[in-house]
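Have a look at the structure below, then the notes.
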Amino acid sequence: MVRARKTNTTKGSRVNGAASRPTPISSTLTTPLSSTYPSTYASEAEYDLNDDVAKLQAGVDSLSLSNLPKPRRVKQRPFRFLDLPSELRVKVYEYHFVNTGVVLDLDPDNYKRIHQKLAILRSCRTIYREASYFFYSTHPVRIFPTHPGRFFKTKKPLLARMKPSQRASMTSLELRLGPGWSKPPRGWVVNEALGLSGCVNVFKLTVFVECDPGNDIFRGFRQPDGFYERFSRALLTDVLDEMPWVERIEFDAWPSVKKSGALMRGLMELTTSRGLKIVWGKERGWTDAEEVEPQPPLNLNDPLFVGHGNPGIMVVV
């Protein structure tokens with residue numbers, strides 16, 4: 001009886017265990033493949049791509065400008081200026097010396113206008129000869145300085161400070177008359193130190209008259225007995241004596257100077273007596289014709305005549 005009970009108990013437990021399990025239900029849906037959905041794990045191809053990107057980034061970070069090879073410096077060949085024809089070199093000199101002034105004189109602005117331009121003369125001997133000759137042959141030099149101040153009363157004008165080669169290159173000089181008309185400077189003297197005898201290529205002398213003390217507006221201030229007229233004529237005579245090879249004299253003046261005045265008449269007579277040709281400058285506009293004196297302005301307050309018929313009536317124009 002006891003064995004039968006144990007056998008029944010064991011069989012009953014097995015039946016109960018099988019009945020407690022869930023029964024699978026059949027479905028019409030198919031199970032999707034694993035490749036259809038994205039995986040959370042990287043594939044081998046993705047591992048290779050990430051490695052390449054990491055290596056490229058590390059290579060870029062390691063680069064720097066200091067590690068790059070320096071570019072090779074190409075030495076520029078200088079322009080062979082002396083291979084140009086002489087005509088073109090003269091054009092270059094003309095362009096280089098522009099804005100250096102019309103007439104050379106002692107002036108405080110010479111360092112700004114001229115000195116820096118003359119640095120080209122230090123290039124070589126050939127350029128020195130060509131450029132210096134062009135510069136001094138195209139720029140007239142004032143014989144006596146006229147700039148107010150210490151240069152006006154100097155005893156050593158610009159012409160006396162130049163080298164003999166520079167004076168030999170000059171082709172024209174300028175003599176200014178008028179400054180110091182009441183008391184000319186002591187340095188306005190023609191002597192051997194002035195260097196006029198070395199200006200062997202000067203063929204034209206310009207005489208520019210700034211003022212004529214013989215004009216009525218100088219009455220009461222000028223020295224009497226034609227002092228400045230005699231001084232100007234003697235100064236021009238001394239200049240021409242030092243340069244007998246001069247061919248012509250160019251006269252020019254400011255508008256207030258008259259050709260019929262005592263100063264101009266004395267200078268023109270001296271030029272004519274030496275057989276030199278007279279030419280006229282552009283500033284005053286003189287010609288070989290007789291100078292036409294402008295009519296004085298009419299003063300409406302001056303009575304021109306008084307009517308004889310009625311003494312009490314004064315006729316004015």
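Following the order of the structure tokens, first chain is A, next is B, and so on, with residues numbered from 1 inside each chain and ligands from 1 in the order they appear.
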
I'd like the contact shell of range 85-97 of chain A - 9 Å cut-off, only C-alpha atoms, skipping same-chain residues fewer than 4 positions apart - returned as a PDB file with C-alpha atoms, in the first residue's frame.
```
ATOM      1  CA  PHE A  81      70.316 100.287 -67.721  1.00  0.00           C
ATOM      2  CA  ILE A 114      67.677 118.651 -55.503  1.00  0.00           C
ATOM      3  CA  LYS A 117      67.831 113.622 -56.855  1.00  0.00           C
ATOM      4  CA  LEU A 118      71.599 113.942 -57.226  1.00  0.00           C
ATOM      5  CA  GLU A 130      75.777 111.619 -68.442  1.00  0.00           C
ATOM      6  CA  ALA A 131      73.399 112.651 -65.634  1.00  0.00           C
ATOM      7  CA  PHE A 134      72.218 116.745 -68.454  1.00  0.00           C
ATOM      8  CA  PHE A 135      71.327 118.334 -65.119  1.00  0.00           C
TER       9      PHE A 135
END
```

> Near Ala160 in chain A, within 9 Å and counting only C-alpha atoms, which residues show up once chain neighbours fewer than 5 positions away are dropped, as an MDAnalysis selection string?
Replying inline: chainID A and resid 143 193:196

> Could you write out, as a VMD selection string, all the residues of range 64-179 of chain A that DSSP marks as strand (DSSP E)?
Replying inline: chain A and resid 141 to 142 172 to 177

With N, CA and C atoms retained, could you export that selection as a PDB file, in the first residue's frame?
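The file below, result.pdb, is the result:
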```
ATOM      1  N   VAL A 141      71.901 128.653 -63.883  1.00  0.00           N
ATOM      2  CA  VAL A 141      72.402 128.940 -62.541  1.00  0.00           C
ATOM      3  C   VAL A 141      72.399 130.445 -62.332  1.00  0.00           C
ATOM      4  N   ARG A 142      71.848 130.863 -61.203  1.00  0.00           N
ATOM      5  CA  ARG A 142      71.813 132.292 -60.871  1.00  0.00           C
ATOM      6  C   ARG A 142      73.191 132.723 -60.374  1.00  0.00           C
ATOM      7  N   SER A 172      73.710 128.113 -69.712  1.00  0.00           N
ATOM      8  CA  SER A 172      73.056 129.412 -69.529  1.00  0.00           C
ATOM      9  C   SER A 172      73.171 129.841 -68.078  1.00  0.00           C
ATOM     10  N   LEU A 173      73.242 131.138 -67.875  1.00  0.00           N
ATOM     11  CA  LEU A 173      73.285 131.750 -66.548  1.00  0.00           C
ATOM     12  C   LEU A 173      72.206 132.815 -66.449  1.00  0.00           C
ATOM     13  N   GLU A 174      71.893 133.188 -65.202  1.00  0.00           N
ATOM     14  CA  GLU A 174      70.892 134.234 -64.974  1.00  0.00           C
ATOM     15  C   GLU A 174      71.448 135.295 -64.044  1.00  0.00           C
ATOM     16  N   LEU A 175      71.241 136.541 -64.409  1.00  0.00           N
ATOM     17  CA  LEU A 175      71.618 137.684 -63.587  1.00  0.00           C
ATOM     18  C   LEU A 175      70.352 138.429 -63.196  1.00  0.00           C
ATOM     19  N   ARG A 176      70.047 138.441 -61.920  1.00  0.00           N
ATOM     20  CA  ARG A 176      68.852 139.129 -61.419  1.00  0.00           C
ATOM     21  C   ARG A 176      69.243 140.518 -60.933  1.00  0.00           C
ATOM     22  N   LEU A 177      68.482 141.486 -61.382  1.00  0.00           N
ATOM     23  CA  LEU A 177      68.692 142.870 -60.978  1.00  0.00           C
ATOM     24  C   LEU A 177      67.431 143.388 -60.315  1.00  0.00           C
TER      25      LEU A 177
END
```

> Which neighbours of Leu106 in chain A fall inside 12 Å, counting only C-alpha atoms, when residues of the same chain fewer than 6 positions from it are skipped, and could you give them as a list in words?
Replying inline: Ile114, Val141, Arg142, Ile143, Phe144, Pro145, Thr146, His147, Pro148, Gly149, Arg150, Phe151, Phe152, Lys153, Thr154, Lys155, Lys156, Pro157, Leu158, Leu159, Ala160, Arg161 and Met162 of chain A

>> Give me the residues near range 164-169 of chain A as a list of chain:residue names, where near means some atom within 8 Å (using only C-alpha atoms) and where sequence neighbours in that chain fewer than 4 positions away do not count.
In response: A:Ser132, A:Tyr133, A:Tyr136, A:Ser137, A:Leu159, A:Gly195, A:Gly198, A:Cys199, A:Val200, A:Asn201

Export of prior selection with C-alpha atoms as a tab-separated table (two decimals), in the first residue's frame:
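Below is the file result-v8.tsv, written as the result:
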```
chain	number	residue	atom	x	y	z
A	132	SER	CA	75.53	115.53	-64.33
A	133	TYR	CA	75.96	117.00	-67.79
A	136	TYR	CA	73.68	121.31	-65.28
A	137	SER	CA	73.19	121.93	-69.00
A	159	LEU	CA	78.52	129.37	-58.78
A	195	GLY	CA	84.31	131.09	-61.52
A	198	GLY	CA	85.20	128.32	-66.21
A	199	CYS	CA	81.73	128.51	-67.78
A	200	VAL	CA	83.13	127.96	-71.24
A	201	ASN	CA	79.93	126.49	-72.71
```

> Neighbours of Arg274 in chain A within 10 Å (only C-alpha atoms; same-chain residues fewer than 3 positions away dropped), as a list of chain:residue names?
Replying inline: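 Skipping anything fewer than 3 positions along the chain leaves A:Thr237, A:Leu240, A:Pro244, A:Glu269, A:Leu270, A:Thr271, A:Lys277.
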
Could the residues in this selection be written to a file with all heavy atoms, as a PDB file, in the first residue's frame?
```pdb
ATOM      1  N   THR A 237      78.645 144.569 -67.366  1.00  0.00           N
ATOM      2  CA  THR A 237      79.900 144.702 -68.108  1.00  0.00           C
ATOM      3  C   THR A 237      80.962 143.744 -67.575  1.00  0.00           C
ATOM      4  O   THR A 237      81.670 143.073 -68.353  1.00  0.00           O
ATOM      5  CB  THR A 237      80.417 146.151 -68.032  1.00  0.00           C
ATOM      6  OG1 THR A 237      79.422 147.040 -68.569  1.00  0.00           O
ATOM      7  CG2 THR A 237      81.708 146.310 -68.809  1.00  0.00           C
ATOM      8  N   LEU A 240      80.151 140.110 -68.691  1.00  0.00           N
ATOM      9  CA  LEU A 240      80.450 139.855 -70.102  1.00  0.00           C
ATOM     10  C   LEU A 240      81.946 139.864 -70.373  1.00  0.00           C
ATOM     11  O   LEU A 240      82.416 139.168 -71.288  1.00  0.00           O
ATOM     12  CB  LEU A 240      79.740 140.896 -70.975  1.00  0.00           C
ATOM     13  CG  LEU A 240      78.199 140.837 -70.957  1.00  0.00           C
ATOM     14  CD1 LEU A 240      77.607 141.946 -71.811  1.00  0.00           C
ATOM     15  CD2 LEU A 240      77.711 139.474 -71.433  1.00  0.00           C
ATOM     16  N   PRO A 244      83.512 136.323 -72.789  1.00  0.00           N
ATOM     17  CA  PRO A 244      83.367 136.965 -74.111  1.00  0.00           C
ATOM     18  C   PRO A 244      82.727 136.055 -75.153  1.00  0.00           C
ATOM     19  O   PRO A 244      82.410 136.526 -76.251  1.00  0.00           O
ATOM     20  CB  PRO A 244      84.812 137.315 -74.478  1.00  0.00           C
ATOM     21  CG  PRO A 244      85.652 136.354 -73.711  1.00  0.00           C
ATOM     22  CD  PRO A 244      84.928 136.083 -72.441  1.00  0.00           C
ATOM     23  N   GLU A 269      71.583 149.237 -74.468  1.00  0.00           N
ATOM     24  CA  GLU A 269      72.651 149.930 -75.192  1.00  0.00           C
ATOM     25  C   GLU A 269      73.984 149.214 -75.020  1.00  0.00           C
ATOM     26  O   GLU A 269      74.775 149.095 -75.969  1.00  0.00           O
ATOM     27  CB  GLU A 269      72.755 151.366 -74.690  1.00  0.00           C
ATOM     28  CG  GLU A 269      71.576 152.247 -75.098  1.00  0.00           C
ATOM     29  CD  GLU A 269      71.659 153.625 -74.485  1.00  0.00           C
ATOM     30  OE1 GLU A 269      72.658 153.870 -73.738  1.00  0.00           O
ATOM     31  OE2 GLU A 269      70.756 154.443 -74.714  1.00  0.00           O
ATOM     32  N   LEU A 270      74.257 148.720 -73.820  1.00  0.00           N
ATOM     33  CA  LEU A 270      75.495 147.973 -73.585  1.00  0.00           C
ATOM     34  C   LEU A 270      75.516 146.694 -74.417  1.00  0.00           C
ATOM     35  O   LEU A 270      76.551 146.349 -75.022  1.00  0.00           O
ATOM     36  CB  LEU A 270      75.616 147.645 -72.102  1.00  0.00           C
ATOM     37  CG  LEU A 270      76.768 146.729 -71.702  1.00  0.00           C
ATOM     38  CD1 LEU A 270      78.119 147.377 -72.033  1.00  0.00           C
ATOM     39  CD2 LEU A 270      76.684 146.381 -70.220  1.00  0.00           C
ATOM     40  N   THR A 271      74.402 145.985 -74.481  1.00  0.00           N
ATOM     41  CA  THR A 271      74.343 144.741 -75.258  1.00  0.00           C
ATOM     42  C   THR A 271      74.538 145.012 -76.743  1.00  0.00           C
ATOM     43  O   THR A 271      75.269 144.281 -77.436  1.00  0.00           O
ATOM     44  CB  THR A 271      72.988 144.052 -75.017  1.00  0.00           C
ATOM     45  OG1 THR A 271      72.806 143.841 -73.610  1.00  0.00           O
ATOM     46  CG2 THR A 271      72.934 142.714 -75.727  1.00  0.00           C
ATOM     47  N   LYS A 277      73.239 139.485 -79.605  1.00  0.00           N
ATOM     48  CA  LYS A 277      71.837 139.395 -80.008  1.00  0.00           C
ATOM     49  C   LYS A 277      70.937 139.534 -78.787  1.00  0.00           C
ATOM     50  O   LYS A 277      71.208 138.961 -77.731  1.00  0.00           O
ATOM     51  CB  LYS A 277      71.576 138.060 -80.704  1.00  0.00           C
ATOM     52  CG  LYS A 277      70.159 137.905 -81.221  1.00  0.00           C
ATOM     53  CD  LYS A 277      69.978 136.565 -81.906  1.00  0.00           C
ATOM     54  CE  LYS A 277      68.543 136.409 -82.417  1.00  0.00           C
ATOM     55  NZ  LYS A 277      68.334 135.103 -83.092  1.00  0.00           N
TER      56      LYS A 277
END
```

>> I need the residues of range 194-234 of chain A that end up classed as helix (DSSP H, G or I) by DSSP on the backbone, written out as a PyMOL selection string.
In response: chain A and resi 194+196-198+216-218+227-234
